[in-house]
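File shown: my_file.txt (compact mmCIF, C-alpha atoms).
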```
# COMPACT_ATOMS: atom_id res chain seq x y z
CA MET A 1 2.64 26.98 110.39
CA PRO A 2 0.74 27.06 107.00
CA ARG A 3 0.63 30.30 105.04
CA ARG A 4 -2.73 32.02 104.85
CA PRO A 5 -3.95 33.13 101.41
CA SER A 6 -3.14 36.69 100.64
CA LEU A 7 -6.09 38.95 101.43
CA ARG A 8 -5.16 41.10 98.45
CA ARG A 9 -5.25 38.08 96.12
CA ALA A 10 -8.59 36.91 97.48
CA LEU A 11 -10.11 40.35 96.97
CA ALA A 12 -8.78 40.48 93.39
CA VAL A 13 -10.31 37.11 92.51
CA ALA A 14 -13.65 38.17 93.99
CA ALA A 15 -13.60 41.39 91.99
CA THR A 16 -12.87 39.49 88.79
CA LEU A 17 -15.76 37.08 89.37
CA THR A 18 -18.10 39.99 90.08
CA ALA A 19 -17.08 41.72 86.85
CA VAL A 20 -17.57 38.55 84.81
CA LEU A 21 -21.04 38.00 86.27
CA ALA A 22 -22.00 41.61 85.62
CA ALA A 23 -20.81 41.41 82.02
CA SER A 24 -22.79 38.23 81.48
CA THR A 25 -25.91 39.82 82.92
CA ASN A 26 -25.70 43.00 80.81
CA ALA A 27 -24.49 41.45 77.52
CA ALA A 28 -26.91 41.01 74.58
CA PRO A 29 -28.23 37.44 74.31
CA ALA A 30 -26.31 35.13 71.98
CA ALA A 31 -27.60 35.12 68.42
CA GLU A 32 -29.98 32.25 67.69
CA GLU A 33 -29.70 30.05 64.66
CA PRO A 34 -31.83 31.60 61.88
CA ALA A 35 -35.16 29.91 61.39
CA ALA A 36 -35.45 27.79 58.26
CA ALA A 37 -36.93 29.90 55.49
CA ALA A 38 -40.33 28.92 54.13
CA ILE A 39 -40.00 27.12 50.80
CA THR A 40 -43.24 27.19 48.83
CA THR A 41 -44.63 25.67 45.66
CA GLY A 42 -44.93 28.21 42.85
CA ALA A 43 -43.34 29.77 39.78
CA VAL A 44 -40.56 32.31 39.20
CA PHE A 45 -39.88 34.23 35.98
CA ASN A 46 -37.08 36.49 34.87
CA ASP A 47 -37.75 39.71 33.00
CA PRO A 48 -34.88 40.44 30.59
CA GLN A 49 -36.21 43.97 30.14
CA GLY A 50 -36.43 44.68 33.86
CA THR A 51 -34.01 45.66 36.59
CA ALA A 52 -30.95 43.58 37.42
CA THR A 53 -32.97 41.97 40.23
CA GLU A 54 -35.79 41.07 37.83
CA GLN A 55 -33.35 39.68 35.29
CA GLN A 56 -31.70 37.53 37.96
CA ALA A 57 -34.95 36.28 39.53
CA ILE A 58 -34.54 32.62 38.55
CA VAL A 59 -30.85 32.22 39.32
CA SER A 60 -31.30 34.14 42.60
CA HIS A 61 -34.10 31.77 43.58
CA ILE A 62 -31.99 28.69 42.87
CA ARG A 63 -28.92 30.13 44.60
CA SER A 64 -31.08 30.83 47.64
CA LEU A 65 -32.21 27.21 47.74
CA VAL A 66 -28.60 26.01 47.52
CA ARG A 67 -27.59 28.43 50.28
CA GLN A 68 -30.33 27.13 52.58
CA ALA A 69 -29.50 23.45 52.13
CA PRO A 70 -28.14 22.11 55.46
CA ALA A 71 -25.20 19.78 55.94
CA GLU A 72 -25.93 16.22 54.78
CA ALA A 73 -28.70 17.42 52.45
CA ARG A 74 -28.47 16.16 48.87
CA VAL A 75 -28.52 18.62 45.99
CA ARG A 76 -28.75 17.08 42.52
CA ILE A 77 -28.52 19.25 39.40
CA ALA A 78 -28.80 18.47 35.68
CA LEU A 79 -27.87 21.38 33.41
CA TYR A 80 -27.22 21.85 29.73
CA VAL A 81 -25.05 24.96 30.12
CA VAL A 82 -23.71 26.83 33.15
CA THR A 83 -21.34 29.78 32.93
CA ASP A 84 -22.50 31.72 36.01
CA MET A 85 -19.44 31.53 38.27
CA ASP A 86 -21.30 33.03 41.24
CA PHE A 87 -23.65 30.06 41.08
CA VAL A 88 -20.69 27.69 40.73
CA ASN A 89 -19.10 29.22 43.83
CA GLU A 90 -22.40 28.83 45.69
CA LEU A 91 -22.32 25.10 44.95
CA ILE A 92 -18.71 24.81 46.06
CA ALA A 93 -19.48 26.64 49.32
CA ALA A 94 -22.41 24.29 49.95
CA SER A 95 -20.19 21.25 49.47
CA ALA A 96 -17.61 22.74 51.84
CA ARG A 97 -20.22 22.96 54.62
CA GLY A 98 -21.22 19.33 54.20
CA VAL A 99 -23.98 19.40 51.56
CA HIS A 100 -23.76 16.53 49.08
CA VAL A 101 -23.66 18.34 45.73
CA ARG A 102 -23.98 16.20 42.60
CA ILE A 103 -24.06 17.68 39.11
CA VAL A 104 -24.55 16.29 35.61
CA LEU A 105 -23.60 18.47 32.64
CA ASP A 106 -23.88 18.12 28.89
CA SER A 107 -20.53 17.67 27.15
CA THR A 108 -20.86 20.85 25.08
CA ASP A 109 -17.80 23.07 25.11
CA GLN A 110 -19.86 26.05 26.28
CA ASN A 111 -19.40 25.10 29.93
CA ASP A 112 -15.63 24.43 30.01
CA ALA A 113 -14.70 27.10 32.57
CA ALA A 114 -17.50 26.20 34.95
CA TYR A 115 -16.82 22.50 34.52
CA ALA A 116 -13.11 22.97 35.26
CA ARG A 117 -13.90 24.98 38.40
CA LEU A 118 -16.44 22.44 39.61
CA VAL A 119 -14.21 19.43 38.97
CA SER A 120 -11.30 21.16 40.69
CA ALA A 121 -13.41 21.73 43.81
CA LEU A 122 -15.78 18.75 43.85
CA GLY A 123 -13.97 16.09 41.86
CA SER A 124 -15.57 13.46 39.64
CA ASP A 125 -15.51 10.41 41.95
CA ARG A 126 -19.11 9.28 42.15
CA GLY A 127 -18.28 7.38 45.30
CA ALA A 128 -17.70 10.69 47.08
CA ASN A 129 -20.34 12.89 48.69
CA SER A 130 -19.97 15.59 46.03
CA TRP A 131 -19.01 15.25 42.38
CA VAL A 132 -19.62 16.48 38.85
CA LYS A 133 -20.19 14.34 35.77
CA ARG A 134 -19.95 15.44 32.18
CA CYS A 135 -21.78 13.24 29.66
CA ALA A 136 -19.43 11.33 27.39
CA ASN A 137 -21.32 11.94 24.15
CA ARG A 138 -23.19 15.20 24.83
CA ALA A 139 -26.25 13.31 26.11
CA CYS A 140 -26.03 10.92 29.07
CA VAL A 141 -29.02 8.75 28.11
CA GLY A 142 -30.16 9.50 24.56
CA ASN A 143 -28.10 8.10 21.69
CA ALA A 144 -30.18 8.74 18.56
CA GLY A 145 -29.17 11.43 16.07
CA THR A 146 -27.15 14.21 17.70
CA PRO A 147 -28.46 14.12 21.29
CA ARG A 148 -27.94 16.66 24.07
CA MET A 149 -28.28 16.47 27.82
CA HIS A 150 -30.68 19.41 27.61
CA ASN A 151 -32.14 19.25 31.16
CA LYS A 152 -32.46 22.19 33.54
CA PHE A 153 -33.64 20.80 36.89
CA PHE A 154 -32.58 21.07 40.54
CA LEU A 155 -33.43 18.63 43.34
CA PHE A 156 -33.07 19.25 47.08
CA SER A 157 -33.64 16.57 49.71
CA ARG A 158 -33.86 19.43 52.20
CA THR A 159 -33.63 23.23 51.91
CA GLY A 160 -35.06 25.84 54.25
CA ASP A 161 -38.10 24.24 55.83
CA GLY A 162 -38.85 22.13 52.74
CA ASP A 163 -38.20 18.47 52.01
CA ASP A 164 -38.22 16.77 48.58
CA VAL A 165 -37.99 19.99 46.57
CA VAL A 166 -38.05 19.88 42.76
CA VAL A 167 -37.26 22.91 40.59
CA GLN A 168 -37.94 22.49 36.88
CA SER A 169 -36.73 25.35 34.69
CA SER A 170 -36.28 26.38 31.08
CA ALA A 171 -33.20 28.44 31.92
CA ASN A 172 -29.55 27.64 31.49
CA LEU A 173 -27.44 29.50 34.03
CA THR A 174 -25.79 31.99 31.69
CA ALA A 175 -25.81 35.74 31.19
CA HIS A 176 -27.88 35.38 28.00
CA ASN A 177 -30.56 33.46 29.87
CA THR A 178 -30.92 36.21 32.46
CA GLN A 179 -30.36 39.35 30.39
CA ASP A 180 -31.63 38.44 26.91
CA TYR A 181 -34.11 35.55 27.22
CA TRP A 182 -37.51 35.12 28.86
CA ASN A 183 -37.42 32.00 31.09
CA ASN A 184 -39.41 30.30 33.82
CA ALA A 185 -38.86 28.00 36.78
CA VAL A 186 -41.44 26.18 38.89
CA THR A 187 -40.80 24.79 42.37
CA VAL A 188 -42.75 21.85 43.84
CA VAL A 189 -42.26 21.19 47.56
CA GLY A 190 -43.01 18.04 49.52
CA ASN A 191 -44.28 15.80 46.71
CA THR A 192 -42.23 12.69 47.47
CA GLY A 193 -43.51 10.76 44.46
CA LEU A 194 -42.44 13.48 42.04
CA TYR A 195 -39.12 13.99 43.82
CA THR A 196 -38.38 10.25 43.71
CA ALA A 197 -39.17 10.10 39.98
CA TYR A 198 -36.67 12.90 39.31
CA VAL A 199 -34.05 11.31 41.59
CA ASP A 200 -34.38 8.02 39.69
CA TYR A 201 -34.00 9.86 36.38
CA PHE A 202 -30.98 11.73 37.72
CA ALA A 203 -29.40 8.41 38.74
CA ASP A 204 -29.70 7.20 35.15
CA LEU A 205 -28.16 10.44 33.86
CA ALA A 206 -25.32 10.00 36.34
CA ALA A 207 -24.69 6.34 35.56
CA SER A 208 -21.29 5.23 34.31
CA PRO A 209 -21.00 4.34 31.53
CA ASP A 210 -23.77 6.43 29.94
CA ARG A 211 -27.02 4.50 29.43
CA GLU A 212 -27.33 5.27 25.70
CA THR A 213 -30.83 4.36 24.55
CA ASP A 214 -33.19 5.87 22.02
CA ASP A 215 -36.28 4.97 24.10
CA TYR A 216 -36.08 6.14 27.71
CA TYR A 217 -39.63 7.55 27.80
CA ARG A 218 -41.45 7.18 31.12
CA MET A 219 -44.14 9.00 33.09
CA THR A 220 -44.96 9.21 36.81
CA THR A 221 -48.11 10.74 38.30
CA SER A 222 -48.13 11.88 41.93
CA GLY A 223 -51.14 13.84 43.11
CA ASP A 224 -51.73 16.86 40.89
CA VAL A 225 -48.35 16.63 39.13
CA LYS A 226 -46.94 14.36 36.47
CA SER A 227 -43.40 13.99 35.13
CA TYR A 228 -42.31 12.92 31.66
CA PHE A 229 -38.72 11.96 30.81
CA PHE A 230 -37.19 11.65 27.34
CA PRO A 231 -36.03 10.64 24.70
CA ARG A 232 -39.05 8.85 23.29
CA ALA A 233 -38.73 6.48 20.35
CA GLY A 234 -41.24 6.45 17.51
CA THR A 235 -42.33 8.35 14.47
CA GLY A 236 -45.30 10.56 13.76
CA ASP A 237 -48.03 12.11 15.84
CA SER A 238 -49.11 8.90 17.57
CA THR A 239 -45.95 9.01 19.71
CA ASP A 240 -45.69 12.79 20.08
CA THR A 241 -46.23 13.64 23.76
CA VAL A 242 -47.48 17.18 23.12
CA VAL A 243 -49.99 15.95 20.53
CA GLU A 244 -51.19 13.42 23.11
CA ILE A 245 -51.56 16.21 25.65
CA LEU A 246 -53.63 18.24 23.20
CA ASP A 247 -55.76 15.17 22.47
CA ASN A 248 -57.03 15.50 26.07
CA VAL A 249 -58.38 19.02 25.51
CA THR A 250 -62.10 19.66 25.07
CA CYS A 251 -63.01 23.08 23.73
CA GLU A 252 -66.45 23.89 25.15
CA GLY A 253 -68.60 23.42 28.23
CA ASN A 254 -66.78 25.50 30.84
CA THR A 255 -68.65 27.85 33.15
CA THR A 256 -66.05 29.63 35.30
CA VAL A 257 -62.78 29.68 33.30
CA GLY A 258 -61.70 30.12 29.71
CA THR A 259 -63.36 32.67 27.45
CA PRO A 260 -66.54 34.53 28.48
CA THR A 261 -68.47 31.96 26.44
CA GLY A 262 -66.87 28.97 28.19
CA ARG A 263 -64.35 28.03 25.51
CA THR A 264 -61.03 26.47 26.53
CA VAL A 265 -57.96 28.66 26.01
CA ILE A 266 -54.56 27.20 25.09
CA ARG A 267 -51.50 29.42 25.50
CA ILE A 268 -48.05 28.37 24.31
CA GLY A 269 -44.74 30.08 24.97
CA ALA A 270 -42.12 28.38 22.79
CA TRP A 271 -38.51 28.82 21.73
CA ASP A 272 -39.11 26.52 18.75
CA LEU A 273 -42.32 25.12 17.25
CA THR A 274 -41.25 22.92 14.36
CA ARG A 275 -43.10 19.64 15.05
CA GLU A 276 -45.85 20.22 12.55
CA GLY A 277 -48.16 17.65 14.08
CA ILE A 278 -48.52 19.97 17.07
CA ALA A 279 -49.53 22.85 14.79
CA ARG A 280 -52.04 20.66 12.95
CA LYS A 281 -53.60 19.58 16.24
CA LEU A 282 -53.83 23.19 17.43
CA ARG A 283 -55.62 24.09 14.20
CA GLU A 284 -58.03 21.21 14.74
CA LEU A 285 -58.77 22.45 18.26
CA ALA A 286 -59.36 25.97 16.97
CA ASP A 287 -61.87 24.48 14.52
CA GLU A 288 -63.58 22.96 17.58
CA ASN A 289 -63.86 26.43 19.13
CA CYS A 290 -60.77 26.48 21.37
CA TRP A 291 -58.89 29.76 21.53
CA ILE A 292 -55.16 29.48 20.74
CA ASP A 293 -52.49 32.08 21.65
CA VAL A 294 -48.83 31.42 20.76
CA VAL A 295 -45.74 33.51 21.60
CA TYR A 296 -42.72 32.04 19.83
CA ARG A 297 -39.17 32.64 18.70
CA HIS A 298 -39.05 30.35 15.66
CA MET A 299 -41.66 28.35 13.78
CA SER A 300 -41.27 26.09 10.76
CA SER A 301 -43.00 27.07 7.53
CA GLY A 302 -45.36 24.10 7.81
CA SER A 303 -46.35 25.05 11.35
CA THR A 304 -46.87 28.65 10.29
CA ALA A 305 -49.10 27.51 7.44
CA SER A 306 -51.23 25.40 9.79
CA LEU A 307 -51.64 28.15 12.35
CA SER A 308 -52.12 31.19 10.11
CA GLY A 309 -55.39 32.64 8.89
CA HIS A 310 -57.67 31.36 11.65
CA ASP A 311 -59.92 33.69 13.68
CA ARG A 312 -59.25 31.80 16.93
CA ILE A 313 -55.47 31.49 16.56
CA LYS A 314 -53.20 34.42 17.38
CA LEU A 315 -49.46 34.27 16.73
CA TYR A 316 -46.88 36.61 18.29
CA GLU A 317 -43.27 36.32 17.17
CA LEU A 318 -40.98 37.43 19.99
CA ASN A 319 -37.44 37.75 18.68
CA GLN A 320 -34.37 39.94 18.92
CA ALA A 321 -36.06 42.68 16.91
CA ASP A 322 -38.27 43.11 19.98
CA GLY A 323 -35.22 43.35 22.20
CA ASP A 324 -35.24 39.83 23.67
CA LEU A 325 -35.95 36.20 22.84
CA ILE A 326 -38.40 33.79 24.42
CA HIS A 327 -36.52 30.76 25.80
CA SER A 328 -39.41 29.30 27.80
CA LYS A 329 -41.14 26.13 26.64
CA TYR A 330 -44.58 25.91 28.21
CA LEU A 331 -48.19 25.11 27.36
CA LEU A 332 -51.16 26.32 29.42
CA VAL A 333 -54.68 24.91 29.34
CA GLU A 334 -57.52 26.94 30.85
CA GLY A 335 -60.78 25.05 30.47
CA THR A 336 -61.42 21.34 30.03
CA TYR A 337 -58.56 18.84 30.15
CA ALA A 338 -58.90 15.06 30.58
CA SER A 339 -62.68 15.54 30.90
CA GLN A 340 -62.21 17.90 33.87
CA LYS A 341 -64.10 21.12 33.21
CA ASP A 342 -63.18 24.53 34.61
CA THR A 343 -59.60 23.50 35.41
CA LYS A 344 -56.19 25.05 34.83
CA TRP A 345 -53.01 23.19 33.83
CA VAL A 346 -49.35 23.97 33.19
CA PHE A 347 -46.95 21.89 31.09
CA THR A 348 -43.39 23.18 31.40
CA GLY A 349 -39.83 21.96 31.26
CA SER A 350 -36.73 21.82 29.09
CA PRO A 351 -38.11 20.32 25.83
CA ASN A 352 -38.60 22.56 22.83
CA TYR A 353 -41.38 21.67 20.41
CA ASP A 354 -38.88 20.27 17.92
CA GLU A 355 -37.90 16.78 16.85
CA SER A 356 -34.64 16.50 18.77
CA SER A 357 -36.29 17.32 22.11
CA LEU A 358 -38.75 14.49 21.63
CA ARG A 359 -36.61 11.80 19.98
CA GLU A 360 -32.96 12.47 20.86
CA ASN A 361 -32.30 14.59 23.92
CA ASP A 362 -32.27 14.00 27.66
CA GLU A 363 -35.25 16.16 28.69
CA ALA A 364 -37.83 16.51 31.47
CA LEU A 365 -41.39 17.85 31.24
CA LEU A 366 -43.64 18.60 34.20
CA ARG A 367 -47.44 18.77 34.24
CA ILE A 368 -49.12 20.64 37.09
CA LYS A 369 -52.83 21.01 37.79
CA SER A 370 -53.06 24.28 39.72
CA ALA A 371 -55.14 27.40 39.18
CA GLY A 372 -52.65 29.53 41.10
CA ILE A 373 -49.57 28.37 39.21
CA HIS A 374 -51.42 28.53 35.89
CA ASP A 375 -52.29 32.15 36.55
CA GLN A 376 -48.67 32.96 37.37
CA TYR A 377 -47.74 31.57 33.95
CA LYS A 378 -50.65 33.34 32.28
CA ASN A 379 -49.44 36.68 33.66
CA ASN A 380 -45.94 35.92 32.35
CA PHE A 381 -47.41 35.01 28.96
CA VAL A 382 -49.26 38.32 28.77
CA SER A 383 -46.06 40.18 29.71
CA MET A 384 -44.19 38.56 26.83
CA ARG A 385 -47.03 39.06 24.39
CA THR A 386 -47.23 42.73 25.27
CA VAL A 387 -43.68 43.48 24.12
CA VAL A 388 -44.14 41.90 20.68
CA ARG A 389 -43.87 44.54 17.98
CA GLY A 390 -47.17 45.77 16.69
CA TYR A 391 -49.27 44.19 19.42
```
Output the structure of this file as C-alpha cells.
Amino acid sequence: MPRRPSLRRALAVAATLTAVLAASTNAAPAAEEPAAAAITTGAVFNDPQGTATEQQAIVSHIRSLVRQAPAEARVRIALYVVTDMDFVNELIAASARGVHVRIVLDSTDQNDAAYARLVSALGSDRGANSWVKRCANRACVGNAGTPRMHNKFFLFSRTGDGDDVVVQSSANLTAHNTQDYWNNAVTVVGNTGLYTAYVDYFADLAASPDRETDDYYRMTTSGDVKSYFFPRAGTGDSTDTVVEILDNVTCEGNTTVGTPTGRTVIRIGAWDLTREGIARKLRELADENCWIDVVYRHMSSGSTASLSGHDRIKLYELNQADGDLIHSKYLLVEGTYASQKDTKWVFTGSPNYDESSLRENDEALLRIKSAGIHDQYKNNFVSMRTVVRGY
C-alpha cells in the first residue's frame, strides 16, 4: 500500500510558497536600468581661479562621457599629455566593461606614468579592441622640424543618448591644465560628417608605421561645422590658415550683432601669438573698422608692434603675474564672415598661433557657426579679460 505524503510536510511547503508570494508582492520593484543621459552640443570651460569643481569642469565632462559609453562603443582619444590617473582609470574601467578604447599619445616623456598604466591594462596590439599607441618620433604624422602630436580630441561612437560625438579641447589632462590654465572644450553631437572626418584623421595618427609627412593639411565641411587637420606645408601668409580665416572677415554692415554701430568684433584667446602675418592682418582689419580684442600669454615683438597703438585693438596679457595662464587657442568672429552678415563663429582647437602648430605638429582646428556657442566663448573671454592686471 503506497505511503501518503506527510500532512505536516505538505503544510510546510504551502506555508513557504505563501511567504515567498507575499515577499514578492510587498518588495520594492527591481531597479531599472538608468536612462541614457542627454548629450548636447555646446562648450565647457574650466576656471583655474574657481572651486575644485570649476577647475575640473573639462576633465569631469570628458570622464562623464567615457563613463556613459556602453559596451561595444568606440572611444578614440588623441592627447599630447595625460597625467590624470583618475582619467586613466576611467578609461581602463570602460575597456573592462566592453568599450573599445583606443588612444594615441605624443612620445614626450611627460606622460610616462600614464602611458605605462594604460599599456599595462590595454596593451598596444592594434588588432585588439582596446590599445594605446605612442608616436615613434613625438608626432605621428608630421615630420618637419621638431614636430609634436599636439592634439586634444575625444571621439565617441556612442555615449549617453548621443551618437557620433566629437569633443575638441585645448586642454591636456594634467593638474596644471585644470588648476593653473584657462582652457576650453566644445562638444558636437550627431554630426556624422564631422565625426567621420575626425575618425579618418585618428586612423592616420594610429597607423603603423607613422605616416611622416610635412603636408597633411585637409578640410571637411559638414553643415555648420568645418574641421582642419595639420601640418600644412608652405611658407608665408598665403598658406597660413588663420590669415585665410581672417581674409573672410568684413568689418561693417551688420545690424544686429557686433558693435552698436554694426562693426564686426574679433576676439582672440591665445597661448602664443608669434605668426606675425596674423598680427598684420588683424591690424589691417582694425584699419577697416573691425574691433579687435586679444587675451594672450605670449606674443612676439613683431606681433606686438603690429597690434600696439591702434584705437580699435585692445591687448590683455594674461600670465602668471595675474595668477594663471591662458592655454586656450580660439578666435571668435561676431559680425560678417564669408559674406554672411550678423553671424557668429568660433574657431577653436589645439593649434597655437605659432609656426610649429601650422607647419610641423599634428593638430586639429574646428570651425563652428553658432550664436549660442559663440556667446559661451564670449562670456569665457570676458572672464579671462577681467582678471588681467590693470583692466
Margin query: Set the distance at 12 Å and use only C-alpha atoms: which residues neighbour region 325-327 of chain A once local chain neighbours fewer than 5 positions away are removed? I'd like the list as a PyMOL selection string.
Written below: chain A and resi 45-49+169-172+176-185+268-273+294-298+316-320+348-353+380-381+383-385+387-388
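Taking CA of Asn254 (chain A) and CA of Gly335 (chain A) as the two end points, the separation is 6.0 Å.
In this model, the gap between CA of Asp240 (chain A) and CA of Ser357 (chain A) comes to 10.6 Å.
Using all atoms listed in the file, the shortest contact distance between Met299 (chain A) and any of A:Met85, A:Ala286, A:Cys251, A:Ala279 is found at A:Ala279.
Note that CA of Ala114 (chain A) and CA of Leu79 (chain A) are 11.5 Å apart.
Nearest to Leu315 (chain A) of all the residues A:Arg389, A:Ser356, A:Gly372, A:Asp106 is A:Arg389, counting all atoms listed in the file.
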Margin query: At a cut-off of 12 Å, using only C-alpha atoms, what residues contact Lys314 (chain A)? Leave out same-chain residues fewer than 3 positions from it and give the result as a list in words.
Written below: Val265, Ile266, Arg267, Ile268, Leu282, Arg283, Ala286, Cys290, Trp291, Ile292, Asp293, Val294, Val295, Tyr296, Thr304, Ser306, Leu307, Ser308, Gly309, His310, Asp311, Glu317, Arg385 and Tyr391 of chain A
Next item on the list: List the neighbours of Ile92 (chain A) out to 8 Å using all atoms listed in the file; skip same-chain residues closer than 5 positions along the sequence, and give me the result as a count of residues only.
Entry: 3
Kindly compute an axis-aligned box around the listed atoms of region 297-304 of chain A, allowing 8 Å on each side, and express its centre and edge lengths in Å to one decimal as lines of an AutoDock Vina configuration file.
```
center_x = -43.0
center_y = 28.4
center_z = 13.1
size_x = 23.8
size_y = 24.5
size_z = 27.2
```
Margin query: Report as an MDAnalysis selection string all protein, DNA and RNA residues lying within 10 Å of Thr241 (chain A), evaluated on only C-alpha atoms, omitting residues in the same chain fewer than 2 positions from it.
Written below: chainID A and resid 217 228 230 232 237:239 243:247 278 353 358 365
Note to self: I'd like the neighbourhood of Ser124 (chain A) as a list in words, where a residue qualifies if any of its atoms comes within 10 Å (using only C-alpha atoms), though same-chain residues fewer than 4 positions away should be ignored.
What the structure shows: Arg102, Ile103, Leu118, Val119, Ser120, Ala128, Ser130, Trp131, Val132, Lys133 and Arg134 of chain A
